[in-house]
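Here is the structure we will look at.
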Amino acid sequence: MKYGEAFKESLESPETFWGRAAEEITWYRKWTEVVDTSKMPFTSWFIGGLINTCYNAVDRHVEGGRGQQPALIYDSPVTNTTQIYTYSELQARVSRIAGFLSSLGVTKGDRVVIYMPMIPEAAMAMLACARIGAIHSVVFGGFAPRELAIRIDDAKPKVVLSASCGIEVKRIIPYKPLLDEAISIAEHTPEKCVVWQRPEAEAQLVAPRDLDWEEQEEEAQPVDCVPMESTDPLYILYTSGTTGVPKGVVRDNGGHAVALNWTMKHVYGIDAGDVFWAASDVGWVVGHSYIVYGPLLKGATTVLYEGKPVGTPDPGAFWRVISQHKVKVLFTAPTAFRAIKREDSGGEYLKGHDLSHFDALFLAGERTDPDTYHWATDLVRRPVIDHWWQTETGWAITGNFRGLEYFPPKAGSASLPMPGYDVRILDLATGEPLGPNREGIIAVTLPLPPGNLTTLWQNDEGFKESYTDPYPGYYFTGDAGFVDEDGYVWVMGRTDDVINVAGHRLSTGGMEEILARHPDVAECAVLGVQDDLKGQVPVGLVVLKSSAVRDHDELVGELVQMVRDQLGAIASFKKAVVVQRLPKTRSGKILRRTMRKIADGESYRVPPTIDDPAVLPEIEDAVQAMGYGKK
Ligand code: COA
Ligand code: AMP
């Protein structure tokens with residue numbers, strides 16, 4: 001089937017299109033209805049179907065004769081380890097981990113928080129939860145205790161699974177003290193914390209709450225997969241919204257398995273037995289979908305990489321992994337390639353590596369800027385595909401296809417809508433659909449295809465408010481852009497206060513809440529400014545209380561430390577400046593868009609609603625003092 005036909009069928013007859021895709025998944029009981037749109041804006045997929053996601057990702061491949069095939073390759077330059085787990089070995093570990101979770105009283109519908117570094121046990125933990133129907137919620141290891149506490153309070157896990165430490169290049173980060181602090185901040189107390197001890201830093205376990213993972217696994221009896229309703233939640237993954245309160249994106253079992261399995265072949269060109277590598281982290285959606293579930297559902301081999309694109313040990317790390325493990329497709333964020341380019345612009349480190357198995361490079365997490373696109377294309381001499389998606393969608397909304405039909409790429413565009421996504425550009429103010437080449441907000445006509453979020457965790461109202469109320473009949477993506485005359489989608493940036501720092505999605509509103517807690521801060525604004533390496537980085541503008549007579553450098557140092565301690569180092573919040581006042585409308589709303597343009601050195605229009613235009617030159621001076629704005 002060609003793209004045009006697939007796209008048309010997916011929108012005109014989703015039952016036929018997705019029903020056929022669902023035949024590739026093993027069901028305990030087949031569904032009676034492919035899609036239920038009677039409770040719009042909520043959509044359910046494969047109603048009546050009974051399924052287990054772990055069975056489909058692990059056991060069925062063992063039963064189907066792939067038991068001796070590598071399922072997961074753990075490649076960790078930071079510990080000098082390469083370890084291969086076959087599907088049989090994965091099944092044995094996962095069923096015992098599921099066994100100890102069961103013996104701790106975890107059953108279907110219970111939540112388990114996973115706060116772990118990039119080690120195989122993190123992926124196994126996710127699969128073990130899926131095996132017994134527990135809902136996992138993985139929290140990225142780079143988040144500080146307060147962020148972890150917020151997620152613990154929302155998900156209310158019975159058990160937390162963690163590890164003694166993470167390793168950031170050469171720096172050891174003990175996780176247990178962070179976990180302990182998070183639990184002391186949180187109102188909800190998990191019954192048990194099970195900790196995987198790593199030799200680089202052992203954690204102190206305090207009975208009766210803390211348990212040693214290895215001991216638990218040794219003593220456990222393996223347990224079998226539990227049949228789940230297709231619509232039962234598989235996981236919750238928190239993502240940043242416009243405020244400091246993260247959104248708990250909920251994914252189902254059936255729709256998720258069907259959609260991800262479909263993408264492996266059609267989008268990425270991956271068959272069972274191929275090697276697929278998503279250089280991300282299990283704490284992000286890319287890690288959920290394409291380190292763990294997607295490749296394993298397909299019966300492919302996934303690479304779990306504990307390292308960086310540079311510094312572990314050099315900018316040749318990616319080429320080494322691709323050639324050593326015969327990787328067919330690499331998926332990462334553009335920032336990783338900018339990091340490699342910065343240290344090895346001539347591609348010297350690529351030389352001598354055998355890329356004969358390598359077919360394509362997929363990029364997402366932020367827009368692939370044309371410079372990075374051209375540099376990467378010239379270097380790898382393979383298709384470089386920018387595809388656009390979000391935590392909420394779970395898989396790409398637009399992109400190009402290695403298994404369906406490959407279209408001529410356009411540098412800077414995220415190519416064409418995926419089957420299932422009826423992408424529309426709407427006027428921000430009126431919601432009217434806009435024609436080709438007119439920029440507006442990007443929306444998707446409801447219903448969304450399978451694999452997308454079904455709701456927000458215990459917050460149906462929040463789901464509607466964030467995604468479907470703004471433009472009735474559509475899913476509101478929060479991104480702005482346009483569709484050109486050939487139907488290519490160009491995603492140009494967010495319409496809200498979400499920023500992307502090195503492919504990590506963060507809320508400037510959340511950082512403002514942290515700065516506002518400083519006793520000397522009267523008000524503040526955090527802006528995402530353009531950064532050559534990370535795409536965007538946040539900077540702060542703060543107004544002090546009149547009582548605050550302070551050394552500004554010292555104060556800025558405290559603010560930087562607060563964001564690091566309360567959100568995490570990944571925010572890369574390193575600069576702030578004290579200003580006398582912030583630009584506001586006459587009704588008192590802070591003019592963030594105008595400040596953002598000033599910070600990026602773009603021309604701007606003085607908003608007609610501004611209270612006092614004289615403040616704008618002051619802001620220009622302030623951002624220049626931080627090294628941004630007009631050069
Ligand atoms: N646990 C604890 N701290 C972490 C962490 C983790 N899991 N991940 C990152 N950090 C820390 C880093 O050590 C760094 O701390 P520092 O300020 O003390 O140096 C800080 O958070 C910022 O980390 P990072 O964003 O990784 O920046 P970097 O400067 O160390 O590296 C890149 C820059 C581009 C190499 C890196 O961001 C990268 O590899 N990005 C790939 C993008 C990616 O995986 N995106 C996921 C979505 S696809
Ligand atoms: P996350 O939920 O962390 O995956 O972040 C999703 C957001 O990242 C999107 O809403 C976009 O703003 C941005 N994003 C992801 N991929 C792309 C892309 N290929 N092009 C442009 N923006 C992207």
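Chain labels A, B, ... are given in the sequence in which chains occur in the structure tokens; within each chain residues are numbered consecutively from 1, and ligands are likewise numbered from 1 in the order shown.
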### Task
Would you mind listing what lies within 9 Å of range 140-150 of chain A as number ranges by chain, with only C-alpha atoms counted and same-chain residues fewer than 2 positions away left out?
A: 114-118, 138, 152-155, 166, 175, 177-188, 245-246, 281-284, 564-570
### Task
Can you tell me which residues come within 6 Å of ligand 2 when counting only C-alpha atoms and all ligand atoms, ideally as a ChimeraX atom specification?
/A:364-367,386-391,414,479,491,493-494,504-505
Write the residues of the preceding selection, restricted to N, CA and C atoms, as a PDB file, in the first residue's frame.
ATOM      1  N   ALA A 364      13.845  13.936  16.413  1.00  0.00           N
ATOM      2  CA  ALA A 364      12.640  14.552  16.976  1.00  0.00           C
ATOM      3  C   ALA A 364      12.969  15.144  18.332  1.00  0.00           C
ATOM      4  N   GLY A 365      11.983  15.790  18.912  1.00  0.00           N
ATOM      5  CA  GLY A 365      12.167  16.415  20.222  1.00  0.00           C
ATOM      6  C   GLY A 365      12.189  17.922  20.089  1.00  0.00           C
ATOM      7  N   GLU A 366      12.626  18.379  18.943  1.00  0.00           N
ATOM      8  CA  GLU A 366      12.647  19.803  18.597  1.00  0.00           C
ATOM      9  C   GLU A 366      12.790  19.835  17.074  1.00  0.00           C
ATOM     10  N   ARG A 367      12.586  20.987  16.474  1.00  0.00           N
ATOM     11  CA  ARG A 367      12.705  21.080  15.029  1.00  0.00           C
ATOM     12  C   ARG A 367      14.157  20.846  14.616  1.00  0.00           C
ATOM     13  N   ASP A 386      13.257  14.250   9.894  1.00  0.00           N
ATOM     14  CA  ASP A 386      12.719  15.001  11.026  1.00  0.00           C
ATOM     15  C   ASP A 386      11.265  14.588  11.172  1.00  0.00           C
ATOM     16  N   HIS A 387      10.896  14.079  12.313  1.00  0.00           N
ATOM     17  CA  HIS A 387       9.479  13.761  12.534  1.00  0.00           C
ATOM     18  C   HIS A 387       9.010  14.394  13.835  1.00  0.00           C
ATOM     19  N   TRP A 388       7.784  14.860  13.777  1.00  0.00           N
ATOM     20  CA  TRP A 388       7.261  15.712  14.849  1.00  0.00           C
ATOM     21  C   TRP A 388       6.257  14.946  15.705  1.00  0.00           C
ATOM     22  N   TRP A 389       6.483  14.969  16.992  1.00  0.00           N
ATOM     23  CA  TRP A 389       5.508  14.354  17.894  1.00  0.00           C
ATOM     24  C   TRP A 389       5.623  14.875  19.302  1.00  0.00           C
ATOM     25  N   GLN A 390       4.806  14.335  20.183  1.00  0.00           N
ATOM     26  CA  GLN A 390       4.699  14.848  21.545  1.00  0.00           C
ATOM     27  C   GLN A 390       4.465  13.689  22.509  1.00  0.00           C
ATOM     28  N   THR A 391       4.728  13.935  23.766  1.00  0.00           N
ATOM     29  CA  THR A 391       4.426  12.936  24.792  1.00  0.00           C
ATOM     30  C   THR A 391       2.974  12.475  24.643  1.00  0.00           C
ATOM     31  N   ALA A 414       8.946  18.934   8.882  1.00  0.00           N
ATOM     32  CA  ALA A 414       8.752  17.601   9.471  1.00  0.00           C
ATOM     33  C   ALA A 414       7.881  16.746   8.538  1.00  0.00           C
ATOM     34  N   ASP A 479       1.515  23.625  19.304  1.00  0.00           N
ATOM     35  CA  ASP A 479       2.583  24.032  18.391  1.00  0.00           C
ATOM     36  C   ASP A 479       2.008  24.923  17.294  1.00  0.00           C
ATOM     37  N   VAL A 491       6.810  22.832  11.468  1.00  0.00           N
ATOM     38  CA  VAL A 491       6.500  23.109  12.877  1.00  0.00           C
ATOM     39  C   VAL A 491       7.504  24.143  13.360  1.00  0.00           C
ATOM     40  N   GLY A 493       7.299  26.280  16.333  1.00  0.00           N
ATOM     41  CA  GLY A 493       7.520  26.613  17.751  1.00  0.00           C
ATOM     42  C   GLY A 493       6.246  26.479  18.542  1.00  0.00           C
ATOM     43  N   ARG A 494       6.346  26.622  19.850  1.00  0.00           N
ATOM     44  CA  ARG A 494       5.188  26.457  20.725  1.00  0.00           C
ATOM     45  C   ARG A 494       4.405  27.764  20.801  1.00  0.00           C
ATOM     46  N   HIS A 504      14.549  18.234  25.897  1.00  0.00           N
ATOM     47  CA  HIS A 504      13.762  18.000  27.108  1.00  0.00           C
ATOM     48  C   HIS A 504      12.681  19.072  27.200  1.00  0.00           C
ATOM     49  N   ARG A 505      11.459  18.618  27.414  1.00  0.00           N
ATOM     50  CA  ARG A 505      10.335  19.567  27.442  1.00  0.00           C
ATOM     51  C   ARG A 505      10.152  20.117  28.853  1.00  0.00           C
TER      52      ARG A 505
END
### Task
Based on DSSP run over this structure's backbone, return all residues of range 405-568 of chain A in strand (DSSP E or B), as JSON, numbers by chain.
{"A": [416, 417, 423, 424, 425, 426, 433, 440, 441, 442, 443, 444, 445, 455, 456, 474, 475, 476, 477, 478, 479, 480, 481, 482, 483, 489, 490, 491, 492, 493, 494, 498, 499, 500, 501, 504, 505, 506, 507, 521, 522, 523, 524, 525, 526, 527, 528, 529, 530, 531, 535, 536, 537, 538, 539, 540, 541, 542, 543, 544]}
#### Entry: For Leu453 in chain A: contacts at 12 Å, only C-alpha atoms, fewer than 2 positions along chain excluded, given as a ChimeraX atom specification
/A:41-45,231,233-239,247-253,255-256,285,390-395,447-451,455-457,460,463-464,467,475
### Shell of 12 Å around Ile385 in chain A, only C-alpha atoms, local chain residues under 4 positions omitted, as a ChimeraX atom specification
/A:267-268,329-334,359-364,367-370,372-374,376-377,396,398-402,406-416
